[in-house]
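Structure file target_19.cif (mmCIF, C-alpha atoms) is printed below.
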```
data_entry
loop_
_atom_site.label_atom_id
_atom_site.label_comp_id
_atom_site.auth_asym_id
_atom_site.auth_seq_id
_atom_site.Cartn_x
_atom_site.Cartn_y
_atom_site.Cartn_z
CA MET A 1 0.00 0.00 0.00
CA SER A 2 1.71 3.17 -1.13
CA LEU A 3 0.29 6.24 0.53
CA PRO A 4 1.06 9.76 -0.70
CA GLN A 5 3.16 11.67 1.82
CA PRO A 6 1.95 14.95 3.37
CA THR A 7 3.74 18.03 2.07
CA LEU A 8 2.09 20.96 3.86
CA LEU A 9 -0.19 21.45 6.85
CA TYR A 10 -2.33 24.56 6.96
CA GLU A 11 -2.99 25.48 10.55
CA SER A 12 -3.94 28.27 12.87
CA HIS A 13 -1.93 27.27 15.83
CA ARG A 14 -4.02 28.76 18.65
CA ALA A 15 -7.34 27.44 17.36
CA PRO A 16 -8.58 24.18 18.88
CA ASN A 17 -8.87 21.94 15.83
CA PRO A 18 -5.49 22.78 14.32
CA ARG A 19 -3.96 22.33 17.76
CA ARG A 20 -5.41 18.82 17.96
CA VAL A 21 -3.46 17.94 14.81
CA GLN A 22 -0.33 19.69 16.08
CA ILE A 23 -0.32 17.63 19.30
CA PHE A 24 -1.12 14.45 17.39
CA LEU A 25 1.93 15.03 15.17
CA ALA A 26 4.17 15.93 18.11
CA GLU A 27 3.21 12.73 19.94
CA LYS A 28 4.42 10.79 16.91
CA ALA A 29 7.44 13.05 16.37
CA VAL A 30 6.24 13.61 12.81
CA GLU A 31 7.29 16.88 11.22
CA ILE A 32 5.38 18.35 8.33
CA PRO A 33 6.03 21.83 6.88
CA ARG A 34 3.35 24.11 8.27
CA GLN A 35 1.73 27.28 7.06
CA GLU A 36 -0.12 29.55 9.45
CA VAL A 37 -3.53 30.80 8.30
CA ASP A 38 -4.74 33.92 10.10
CA ILE A 39 -8.32 32.90 10.78
CA MET A 40 -9.00 35.88 13.07
CA ALA A 41 -8.32 38.05 10.00
CA GLY A 42 -10.63 35.80 7.99
CA HIS A 43 -7.92 34.65 5.59
CA HIS A 44 -9.47 31.19 5.35
CA PHE A 45 -12.52 32.74 3.73
CA GLY A 46 -10.38 34.36 1.03
CA ALA A 47 -10.25 33.11 -2.56
CA ASP A 48 -6.57 32.15 -2.24
CA TYR A 49 -7.25 29.64 0.49
CA ARG A 50 -10.54 28.33 -0.84
CA ASP A 51 -9.16 27.80 -4.33
CA ARG A 52 -6.34 25.76 -2.91
CA ILE A 53 -8.21 23.77 -0.27
CA GLY A 54 -11.71 23.58 -1.72
CA THR A 55 -13.31 24.77 1.53
CA HIS A 56 -12.60 27.35 4.22
CA HIS A 57 -11.71 24.71 6.80
CA VAL A 58 -8.52 24.81 8.84
CA PRO A 59 -6.59 22.55 9.40
CA ALA A 60 -5.97 21.13 5.94
CA LEU A 61 -3.30 18.70 4.83
CA GLU A 62 -1.83 18.79 1.35
CA LEU A 63 -0.45 15.52 0.01
CA GLU A 64 2.33 15.06 -2.52
CA ASP A 65 -0.13 14.15 -5.27
CA GLY A 66 -1.78 17.56 -4.88
CA SER A 67 -4.88 16.31 -3.10
CA VAL A 68 -6.03 17.85 0.16
CA LEU A 69 -7.52 16.35 3.32
CA THR A 70 -9.59 18.43 5.73
CA GLU A 71 -11.40 17.56 8.97
CA THR A 72 -9.20 17.15 12.01
CA VAL A 73 -9.96 13.51 12.73
CA ALA A 74 -9.63 12.47 9.07
CA ILE A 75 -6.20 14.11 9.00
CA CYS A 76 -5.21 12.36 12.23
CA ARG A 77 -6.43 9.01 10.93
CA TYR A 78 -4.28 9.37 7.84
CA ILE A 79 -1.21 10.32 9.89
CA GLU A 80 -1.87 7.35 12.17
CA ALA A 81 -1.67 5.07 9.12
CA LEU A 82 1.57 6.67 7.91
CA SER A 83 3.16 6.69 11.38
CA PRO A 84 1.46 4.03 13.49
CA GLU A 85 3.57 4.47 16.64
CA PRO A 86 2.88 5.51 19.28
CA ASN A 87 -0.64 4.34 18.63
CA LEU A 88 -3.31 6.99 19.35
CA MET A 89 -6.45 5.64 17.65
CA GLY A 90 -6.57 1.94 18.49
CA ARG A 91 -4.44 -1.15 17.89
CA ASP A 92 -7.35 -3.38 16.96
CA ALA A 93 -11.00 -2.95 15.99
CA ARG A 94 -12.24 -3.15 19.55
CA GLU A 95 -9.88 -0.43 20.76
CA ALA A 96 -10.50 1.69 17.66
CA ALA A 97 -14.25 1.63 18.31
CA GLU A 98 -13.85 2.44 22.00
CA ILE A 99 -11.44 5.29 21.35
CA GLU A 100 -13.76 6.68 18.67
CA MET A 101 -16.65 6.47 21.13
CA TRP A 102 -14.78 8.46 23.79
CA GLN A 103 -13.39 10.86 21.22
CA ARG A 104 -16.89 11.65 19.97
CA ARG A 105 -18.30 11.93 23.47
CA VAL A 106 -15.63 14.51 24.27
CA GLU A 107 -16.39 16.34 21.04
CA PHE A 108 -20.13 16.46 21.63
CA GLN A 109 -20.19 16.90 25.40
CA LEU A 110 -17.25 19.23 25.91
CA LEU A 111 -15.46 20.60 22.86
CA MET A 112 -18.58 21.70 21.00
CA PRO A 113 -20.25 23.43 23.97
CA ILE A 114 -17.00 25.31 24.64
CA ALA A 115 -16.73 26.29 20.97
CA PHE A 116 -20.37 27.41 20.88
CA VAL A 117 -19.92 29.65 23.93
CA ALA A 118 -16.83 31.20 22.35
CA ARG A 119 -18.09 31.57 18.78
CA HIS A 120 -21.55 32.85 19.70
CA GLY A 121 -20.69 34.75 22.87
CA LEU A 122 -17.52 36.70 22.12
CA PRO A 123 -17.70 39.79 19.89
CA ALA A 124 -14.18 39.08 18.59
CA MET A 125 -15.38 35.76 17.19
CA GLN A 126 -17.83 37.34 14.79
CA VAL A 127 -15.26 37.01 12.04
CA LEU A 128 -15.70 33.23 12.40
CA GLU A 129 -19.42 33.18 13.04
CA GLN A 130 -21.17 35.80 10.99
CA THR A 131 -24.57 35.21 12.53
CA GLN A 132 -23.86 34.99 16.23
CA VAL A 133 -26.68 33.72 18.42
CA PRO A 134 -26.03 34.97 21.98
CA GLU A 135 -28.89 32.83 23.30
CA TRP A 136 -27.03 29.77 22.03
CA ALA A 137 -23.85 30.85 23.82
CA ASP A 138 -25.88 31.24 27.03
CA ALA A 139 -27.52 27.84 26.61
CA ASN A 140 -24.12 26.20 26.26
CA ARG A 141 -22.53 27.65 29.40
CA PRO A 142 -24.21 25.09 31.69
CA ARG A 143 -23.37 22.39 29.17
CA VAL A 144 -19.68 23.19 29.50
CA LEU A 145 -19.95 22.72 33.27
CA ALA A 146 -21.94 19.51 32.78
CA GLY A 147 -19.29 18.29 30.35
CA LEU A 148 -16.52 18.97 32.86
CA ALA A 149 -18.41 17.14 35.60
CA TRP A 150 -19.01 14.22 33.23
CA LEU A 151 -15.33 14.02 32.33
CA ASP A 152 -14.26 14.27 35.96
CA LYS A 153 -16.53 11.34 36.76
CA ARG A 154 -15.04 9.30 33.92
CA LEU A 155 -11.51 10.07 35.12
CA GLN A 156 -12.35 8.91 38.65
CA THR A 157 -12.26 5.35 37.31
CA SER A 158 -10.02 5.61 34.24
CA PRO A 159 -6.46 6.96 34.08
CA PHE A 160 -7.04 8.41 30.60
CA VAL A 161 -10.19 9.41 28.73
CA ALA A 162 -10.47 6.26 26.63
CA GLY A 163 -8.87 3.83 29.07
CA ASP A 164 -5.42 2.87 30.28
CA ARG A 165 -3.32 4.91 27.93
CA PHE A 166 -3.06 8.31 26.26
CA THR A 167 -5.05 8.54 22.99
CA ILE A 168 -6.59 11.04 20.59
CA ALA A 169 -9.51 11.36 23.02
CA ASP A 170 -7.17 12.92 25.61
CA ILE A 171 -5.88 15.33 22.98
CA THR A 172 -9.40 16.48 22.15
CA ALA A 173 -10.25 16.92 25.82
CA VAL A 174 -7.15 18.87 26.80
CA VAL A 175 -7.40 21.14 23.77
CA GLY A 176 -11.02 21.89 24.61
CA ILE A 177 -10.19 22.62 28.25
CA ASP A 178 -7.23 24.82 27.35
CA PHE A 179 -9.53 26.78 25.05
CA MET A 180 -11.79 27.56 28.01
CA ARG A 181 -9.43 30.45 28.78
CA VAL A 182 -11.16 32.47 26.06
CA ILE A 183 -14.55 31.95 27.71
CA ARG A 184 -13.05 32.61 31.16
CA THR A 185 -14.09 29.27 32.56
CA GLY A 186 -11.88 27.19 34.82
CA ILE A 187 -11.91 23.69 36.23
CA PRO A 188 -14.41 23.47 39.12
CA ASP A 189 -12.70 23.06 42.51
CA ASP A 190 -14.34 19.72 43.16
CA ALA A 191 -13.20 18.17 39.87
CA VAL A 192 -10.19 16.55 41.50
CA SER A 193 -9.75 13.65 39.09
CA LEU A 194 -10.03 15.96 36.10
CA ASP A 195 -7.42 18.23 37.62
CA THR A 196 -5.01 15.34 38.28
CA TRP A 197 -5.40 14.06 34.73
CA LEU A 198 -4.97 17.58 33.35
CA GLU A 199 -1.71 18.10 35.18
CA LYS A 200 -0.48 14.76 33.88
CA VAL A 201 -1.34 15.35 30.21
CA ARG A 202 -0.31 19.01 30.18
CA GLY A 203 3.16 17.89 31.19
CA ARG A 204 3.68 15.99 27.95
CA PRO A 205 6.19 17.65 25.59
CA SER A 206 3.61 17.46 22.76
CA MET A 207 1.45 20.05 24.54
CA GLU A 208 3.84 22.94 24.06
CA LEU A 209 2.27 25.51 21.75
CA LYS A 210 4.44 26.04 18.69
CA ALA A 211 3.85 28.58 15.96
CA ALA A 212 4.47 27.54 12.37
CA MET B 1 -7.80 -11.07 16.74
CA SER B 2 -10.89 -12.32 18.47
CA LEU B 3 -13.59 -9.68 18.65
CA PRO B 4 -16.64 -10.05 20.91
CA GLN B 5 -19.83 -10.45 18.90
CA PRO B 6 -22.74 -8.01 19.22
CA THR B 7 -25.71 -9.40 21.06
CA LEU B 8 -28.25 -6.55 21.16
CA LEU B 9 -28.73 -3.22 19.42
CA TYR B 10 -30.75 -0.56 21.21
CA GLU B 11 -32.36 1.69 18.65
CA SER B 12 -35.17 4.10 18.02
CA HIS B 13 -35.86 3.27 14.45
CA ARG B 14 -37.24 6.61 13.23
CA ALA B 15 -34.50 8.73 14.77
CA PRO B 16 -31.60 9.70 12.50
CA ASN B 17 -28.62 8.20 14.34
CA PRO B 18 -30.15 4.79 15.01
CA ARG B 19 -31.31 4.72 11.40
CA ARG B 20 -27.72 5.26 10.22
CA VAL B 21 -26.73 2.07 12.03
CA GLN B 22 -29.79 0.23 10.74
CA ILE B 23 -28.91 1.04 7.11
CA PHE B 24 -25.24 0.24 7.71
CA LEU B 25 -26.22 -3.22 9.00
CA ALA B 26 -28.68 -3.81 6.16
CA GLU B 27 -26.02 -2.96 3.55
CA LYS B 28 -23.86 -5.71 5.05
CA ALA B 29 -26.79 -8.09 5.56
CA VAL B 30 -25.83 -8.32 9.22
CA GLU B 31 -28.65 -9.12 11.61
CA ILE B 32 -28.42 -8.26 15.28
CA PRO B 33 -31.32 -8.62 17.73
CA ARG B 34 -32.78 -5.17 18.24
CA GLN B 35 -34.65 -3.50 21.03
CA GLU B 36 -36.68 -0.37 20.41
CA VAL B 37 -36.23 2.48 22.90
CA ASP B 38 -39.08 4.99 22.92
CA ILE B 39 -37.07 8.21 22.98
CA MET B 40 -40.14 10.40 22.38
CA ALA B 41 -41.41 9.08 25.71
CA GLY B 42 -37.98 9.80 27.22
CA HIS B 43 -37.28 6.15 28.06
CA HIS B 44 -33.57 6.63 27.32
CA PHE B 45 -33.38 9.06 30.25
CA GLY B 46 -34.81 6.46 32.62
CA ALA B 47 -32.70 4.60 35.19
CA ASP B 48 -33.28 1.25 33.46
CA TYR B 49 -31.60 2.37 30.28
CA ARG B 50 -28.85 4.45 31.88
CA ASP B 51 -27.88 1.70 34.29
CA ARG B 52 -27.52 -0.69 31.42
CA ILE B 53 -25.81 1.56 28.87
CA GLY B 54 -23.98 4.04 31.07
CA THR B 55 -25.37 7.04 29.17
CA HIS B 56 -28.71 8.10 27.67
CA HIS B 57 -27.43 7.72 24.11
CA VAL B 58 -29.26 5.74 21.47
CA PRO B 59 -28.13 3.74 19.50
CA ALA B 60 -26.09 1.47 21.75
CA LEU B 61 -24.59 -1.91 20.97
CA GLU B 62 -24.18 -4.58 23.60
CA LEU B 63 -21.39 -7.12 23.06
CA GLU B 64 -21.26 -10.70 24.26
CA ASP B 65 -18.77 -9.82 27.00
CA GLY B 66 -21.29 -7.42 28.51
CA SER B 67 -19.58 -4.24 27.35
CA VAL B 68 -21.48 -1.56 25.47
CA LEU B 69 -20.54 0.68 22.55
CA THR B 70 -22.31 3.97 21.90
CA GLU B 71 -21.82 6.68 19.26
CA THR B 72 -23.15 5.86 15.82
CA VAL B 73 -19.86 5.97 13.96
CA ALA B 74 -17.99 3.97 16.61
CA ILE B 75 -20.68 1.28 16.34
CA CYS B 76 -20.42 1.31 12.55
CA ARG B 77 -16.62 1.09 12.69
CA TYR B 78 -16.84 -1.98 14.89
CA ILE B 79 -19.38 -3.65 12.61
CA GLU B 80 -17.18 -2.84 9.62
CA ALA B 81 -14.33 -4.76 11.28
CA LEU B 82 -16.58 -7.75 12.04
CA SER B 83 -18.17 -7.77 8.57
CA PRO B 84 -15.80 -6.02 6.16
CA GLU B 85 -17.88 -6.53 3.00
CA PRO B 86 -19.32 -4.59 1.33
CA ASN B 87 -16.81 -2.00 2.44
CA LEU B 88 -18.41 1.25 3.62
CA MET B 89 -15.59 3.04 5.48
CA GLY B 90 -12.51 2.62 3.29
CA ARG B 91 -10.37 -0.21 1.95
CA ASP B 92 -7.07 1.48 2.74
CA ALA B 93 -5.86 4.42 4.80
CA ARG B 94 -6.26 6.90 1.98
CA GLU B 95 -9.86 5.93 1.35
CA ALA B 96 -10.62 5.73 5.07
CA ALA B 97 -9.41 9.30 5.57
CA GLU B 98 -11.34 10.61 2.57
CA ILE B 99 -14.54 8.87 3.60
CA GLU B 100 -14.16 10.17 7.15
CA MET B 101 -13.64 13.67 5.75
CA TRP B 102 -16.86 13.53 3.72
CA GLN B 103 -18.74 11.82 6.50
CA ARG B 104 -17.81 14.60 8.93
CA ARG B 105 -18.56 17.32 6.40
CA VAL B 106 -22.04 15.87 5.97
CA GLU B 107 -22.47 15.67 9.73
CA PHE B 108 -21.39 19.26 10.36
CA GLN B 109 -22.84 20.92 7.28
CA LEU B 110 -26.13 19.06 6.91
CA LEU B 111 -27.10 16.56 9.60
CA MET B 112 -26.40 18.82 12.56
CA PRO B 113 -28.19 21.90 11.18
CA ILE B 114 -31.23 19.72 10.40
CA ALA B 115 -31.12 18.24 13.90
CA PHE B 116 -30.78 21.68 15.48
CA VAL B 117 -33.81 23.03 13.60
CA ALA B 118 -35.84 20.02 14.71
CA ARG B 119 -34.66 19.78 18.31
CA HIS B 120 -34.81 23.50 19.04
CA GLY B 121 -37.72 24.46 16.80
CA LEU B 122 -40.40 21.81 17.32
CA PRO B 123 -42.42 21.77 20.55
CA ALA B 124 -42.70 17.96 20.37
CA MET B 125 -38.91 17.71 20.60
CA GLN B 126 -38.72 19.27 24.02
CA VAL B 127 -38.58 15.80 25.52
CA LEU B 128 -35.17 15.46 23.83
CA GLU B 129 -33.94 19.00 24.33
CA GLN B 130 -35.06 20.35 27.67
CA THR B 131 -33.75 23.86 27.08
CA GLN B 132 -34.87 24.65 23.58
CA VAL B 133 -33.37 27.75 21.98
CA PRO B 134 -35.73 28.89 19.20
CA GLU B 135 -33.18 31.46 18.02
CA TRP B 136 -30.77 28.59 17.35
CA ALA B 137 -33.40 26.76 15.31
CA ASP B 138 -33.95 29.93 13.28
CA ALA B 139 -30.22 30.42 12.74
CA ASN B 140 -29.91 26.90 11.40
CA ARG B 141 -32.68 27.09 8.80
CA PRO B 142 -30.47 28.90 6.28
CA ARG B 143 -27.63 26.51 7.13
CA VAL B 144 -29.79 23.58 6.10
CA LEU B 145 -30.36 25.22 2.72
CA ALA B 146 -26.66 26.05 2.42
CA GLY B 147 -25.83 22.43 3.27
CA LEU B 148 -28.17 21.15 0.58
CA ALA B 149 -26.65 23.52 -2.01
CA TRP B 150 -23.16 22.41 -0.95
CA LEU B 151 -24.06 18.73 -1.31
CA ASP B 152 -25.72 19.32 -4.67
CA LYS B 153 -22.53 20.98 -5.90
CA ARG B 154 -20.44 18.04 -4.69
CA LEU B 155 -22.74 15.58 -6.44
CA GLN B 156 -22.43 17.47 -9.72
CA THR B 157 -18.93 16.01 -10.02
CA SER B 158 -19.08 12.87 -7.90
CA PRO B 159 -21.51 9.95 -8.24
CA PHE B 160 -21.59 9.42 -4.48
CA VAL B 161 -20.80 11.69 -1.54
CA ALA B 162 -17.28 10.37 -0.89
CA GLY B 163 -16.43 9.36 -4.47
CA ASP B 164 -17.17 6.56 -6.89
CA ARG B 165 -19.05 4.24 -4.63
CA PHE B 166 -21.67 4.10 -1.90
CA THR B 167 -20.20 4.62 1.62
CA ILE B 168 -21.18 5.58 5.14
CA ALA B 169 -21.11 9.23 4.02
CA ASP B 170 -24.09 8.55 1.73
CA ILE B 171 -25.93 6.90 4.60
CA THR B 172 -25.43 9.96 6.80
CA ALA B 173 -26.58 12.29 4.02
CA VAL B 174 -29.72 10.38 3.07
CA VAL B 175 -30.74 9.91 6.70
CA GLY B 176 -30.35 13.64 7.31
CA ILE B 177 -32.35 14.52 4.21
CA ASP B 178 -35.12 12.05 5.02
CA PHE B 179 -35.36 13.60 8.48
CA MET B 180 -36.09 16.99 6.87
CA ARG B 181 -39.72 15.88 6.69
CA VAL B 182 -40.10 16.78 10.35
CA ILE B 183 -38.89 20.32 9.70
CA ARG B 184 -41.01 20.55 6.54
CA THR B 185 -38.09 21.25 4.26
CA GLY B 186 -37.71 19.72 0.82
CA ILE B 187 -35.00 19.51 -1.80
CA PRO B 188 -34.72 22.83 -3.68
CA ASP B 189 -35.99 22.61 -7.28
CA ASP B 190 -32.60 23.53 -8.71
CA ALA B 191 -30.69 20.85 -6.81
CA VAL B 192 -30.81 18.45 -9.75
CA SER B 193 -27.71 16.41 -8.93
CA LEU B 194 -28.78 16.01 -5.35
CA ASP B 195 -32.17 14.83 -6.51
CA THR B 196 -30.70 12.30 -8.93
CA TRP B 197 -28.38 10.91 -6.26
CA LEU B 198 -31.25 10.79 -3.76
CA GLU B 199 -33.44 8.76 -6.08
CA LYS B 200 -30.53 6.37 -6.66
CA VAL B 201 -29.69 5.81 -2.99
CA ARG B 202 -33.29 5.72 -1.79
CA GLY B 203 -33.84 2.78 -4.14
CA ARG B 204 -31.40 0.60 -2.21
CA PRO B 205 -33.09 -2.19 -0.23
CA SER B 206 -31.18 -1.10 2.89
CA MET B 207 -33.20 2.13 3.03
CA GLU B 208 -36.49 0.48 3.90
CA LEU B 209 -37.53 1.52 7.41
CA LYS B 210 -37.92 -1.52 9.62
CA ALA B 211 -39.15 -1.52 13.21
CA ALA B 212 -37.41 -3.75 15.74
#
```
Written as structure tokens, how would this file's structure read?
Amino acid sequence: MSLPQPTLLYESHRAPNPRRVQIFLAEKAVEIPRQEVDIMAGHHFGADYRDRIGTHHVPALELEDGSVLTETVAICRYIEALSPEPNLMGRDAREAAEIEMWQRRVEFQLLMPIAFVARHGLPAMQVLEQTQVPEWADANRPRVLAGLAWLDKRLQTSPFVAGDRFTIADITAVVGIDFMRVIRTGIPDDAVSLDTWLEKVRGRPSMELKAA
Amino acid sequence: MSLPQPTLLYESHRAPNPRRVQIFLAEKAVEIPRQEVDIMAGHHFGADYRDRIGTHHVPALELEDGSVLTETVAICRYIEALSPEPNLMGRDAREAAEIEMWQRRVEFQLLMPIAFVARHGLPAMQVLEQTQVPEWADANRPRVLAGLAWLDKRLQTSPFVAGDRFTIADITAVVGIDFMRVIRTGIPDDAVSLDTWLEKVRGRPSMELKAA
């Protein structure tokens, strides 16, 4: 099976989804040339970017045959196939399904509520969300807290989000939680297991924020 | 690799996510005993269901070792490993990444806006969405139309959503579109390619709605 190699990663290194890919790559010690896209200046909506990528989505991964992959998890899945170790998405079908389950739970129950509060509640985010719905930001604030409580409960009985080892589900969770700084939300005092896990995963070298 | 076999699928056969699994199984001619969960009566929020599944999510797949998988795509990925043919999620890493990309685009750009209009805009859906945000339903109506136009454009140059053959991305798209009946939205007259594709995929035997 000959897979085309990645040639360029378009990212916006402080935004959550590009950061998920950045950490995923760092865990595997894979280096791909990177190009920063200034999404807060709306550059991803410009013709230059869209003509090249086919959509306004960031991150995007160009391959040596000229094709482009978008969607964070699709990009990660491709990198996992190119560089299987350390494994982050499952060594067999059972693990792959369980990791995907936890990954999606974190997306739906934590990352998305956080993103909704930010994109619909912060005036500076209007460049990303042309029709902001403040009521939707408000409705998601309690969901963020519920998501944190849910994750804390999970981590009371599991060392990592998807089980015994660090996986893509931990990456998604820590990126979401780190992004809570923009919505001025912290970890609740009673979320002790979440806090312990957070300290552990934040200490990994892959978590260091690096500009392109 | 010995994988535990599924023993019971919890579903709610008219709801979009359970229907995605139902079609996925039918495409592979896989039969799993099914149990209907009456989500419009809120039975998935009851202690019986939550104690068994660990969450309120439907669908859920019980395995012979007593463990449970939730999240539609995680369930499908596990079934794909147990019954690889016909392939619906990619024969190699390249295809798997591309199919996941299209699958997620359909989820974000079409299925979720449709679900948001339904869950936040229809009084009958309050059982599923305790804090309805009508402004969010309103904001998603134009996104549904934009999603349909986007998919029509894609299908002008591709016979199926993810490429040359029927995949899980088509399942997600057709299930979303069929669910538009509840929000009283139809295919725009000028979406000719979408309409042609829809007629083609709706004709597949797997699309027939079957109660448990």
For the provided coordinates, the residues matched by the PyMOL selection byres ((chain B and resi 109) around 9) should be stated as a list of chain:residue names.
B:Arg104, B:Arg105, B:Val106, B:Glu107, B:Phe108, B:Leu110, B:Leu111, B:Met112, B:Pro113, B:Arg143, B:Val144, B:Ala146, B:Gly147, B:Leu148, B:Trp150, B:Leu151
Produce a file of the selected residues containing C-alpha atoms, as a compact mmCIF listing (two decimals), in the frame of the given file.
```txt
# COMPACT_ATOMS: atom_id res chain seq x y z
CA ARG B 104 -17.81 14.60 8.93
CA ARG B 105 -18.56 17.32 6.40
CA VAL B 106 -22.04 15.87 5.97
CA GLU B 107 -22.47 15.67 9.73
CA PHE B 108 -21.39 19.26 10.36
CA LEU B 110 -26.13 19.06 6.91
CA LEU B 111 -27.10 16.56 9.60
CA MET B 112 -26.40 18.82 12.56
CA PRO B 113 -28.19 21.90 11.18
CA ARG B 143 -27.63 26.51 7.13
CA VAL B 144 -29.79 23.58 6.10
CA ALA B 146 -26.66 26.05 2.42
CA GLY B 147 -25.83 22.43 3.27
CA LEU B 148 -28.17 21.15 0.58
CA TRP B 150 -23.16 22.41 -0.95
CA LEU B 151 -24.06 18.73 -1.31
```
Show me which bits of chain B are within 6 Å of chain A, counting only C-alpha atoms, as a short mmCIF file (atom, residue, chain, number, x, y, z; two decimals) with C-alpha atoms, in the frame of the given file.
```
data_model
loop_
_atom_site.label_atom_id
_atom_site.label_comp_id
_atom_site.auth_asym_id
_atom_site.auth_seq_id
_atom_site.Cartn_x
_atom_site.Cartn_y
_atom_site.Cartn_z
CA GLU B 71 -21.82 6.68 19.26
CA ALA B 74 -17.99 3.97 16.61
CA TYR B 78 -16.84 -1.98 14.89
CA ALA B 97 -9.41 9.30 5.57
CA GLU B 100 -14.16 10.17 7.15
CA MET B 101 -13.64 13.67 5.75
#
```
Determine the residue membership of the PyMOL selection byres ((chain B and resi 154) around 12) for the file above and supply it as a short mmCIF file (atom, residue, chain, number, x, y, z; two decimals) with C-alpha atoms, in the frame of the given file.
```cif
data_model
loop_
_atom_site.label_atom_id
_atom_site.label_comp_id
_atom_site.auth_asym_id
_atom_site.auth_seq_id
_atom_site.Cartn_x
_atom_site.Cartn_y
_atom_site.Cartn_z
CA GLY A 54 -11.71 23.58 -1.72
CA THR A 55 -13.31 24.77 1.53
CA TRP B 102 -16.86 13.53 3.72
CA ARG B 105 -18.56 17.32 6.40
CA VAL B 106 -22.04 15.87 5.97
CA GLY B 147 -25.83 22.43 3.27
CA LEU B 148 -28.17 21.15 0.58
CA ALA B 149 -26.65 23.52 -2.01
CA TRP B 150 -23.16 22.41 -0.95
CA LEU B 151 -24.06 18.73 -1.31
CA ASP B 152 -25.72 19.32 -4.67
CA LYS B 153 -22.53 20.98 -5.90
CA LEU B 155 -22.74 15.58 -6.44
CA GLN B 156 -22.43 17.47 -9.72
CA THR B 157 -18.93 16.01 -10.02
CA SER B 158 -19.08 12.87 -7.90
CA PRO B 159 -21.51 9.95 -8.24
CA PHE B 160 -21.59 9.42 -4.48
CA VAL B 161 -20.80 11.69 -1.54
CA ALA B 162 -17.28 10.37 -0.89
CA GLY B 163 -16.43 9.36 -4.47
CA ALA B 191 -30.69 20.85 -6.81
CA VAL B 192 -30.81 18.45 -9.75
CA SER B 193 -27.71 16.41 -8.93
CA LEU B 194 -28.78 16.01 -5.35
CA TRP B 197 -28.38 10.91 -6.26
#
```
Output of the PyMOL selection byres ((chain B and resi 181-183) around 9), listed as number ranges by chain
B: 114, 117-118, 121-122, 177-180, 184-186
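A straight line drawn from CA of Glu27 (chain B) to CA of Asp195 (chain B) is 21.3 Å long.
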With distances taken over all atoms listed in the file, which residue among B:Gly203, B:Pro6, B:Pro18, B:Gly46 lies nearest Gly66 (chain B)?
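For Gly66 (chain B), the nearest of the given residues is B:Pro6.
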Residue with smallest distance to Val30 (chain B) - pool B:Pro16, B:Pro59, B:Gly42, B:Pro86, counting all atoms listed in the file:
B:Pro86
Just how far from CA of Leu25 (chain A) is CA of Ile168 (chain A), in Å to one decimal?
10.9 Å
Who sits within 9 Å of Ser206 (chain A), all atoms listed in the file, same chain under 4 positions skipped, as JSON, numbers by chain:
{"A": [22, 23, 24, 25, 26, 27, 28, 29, 202]}
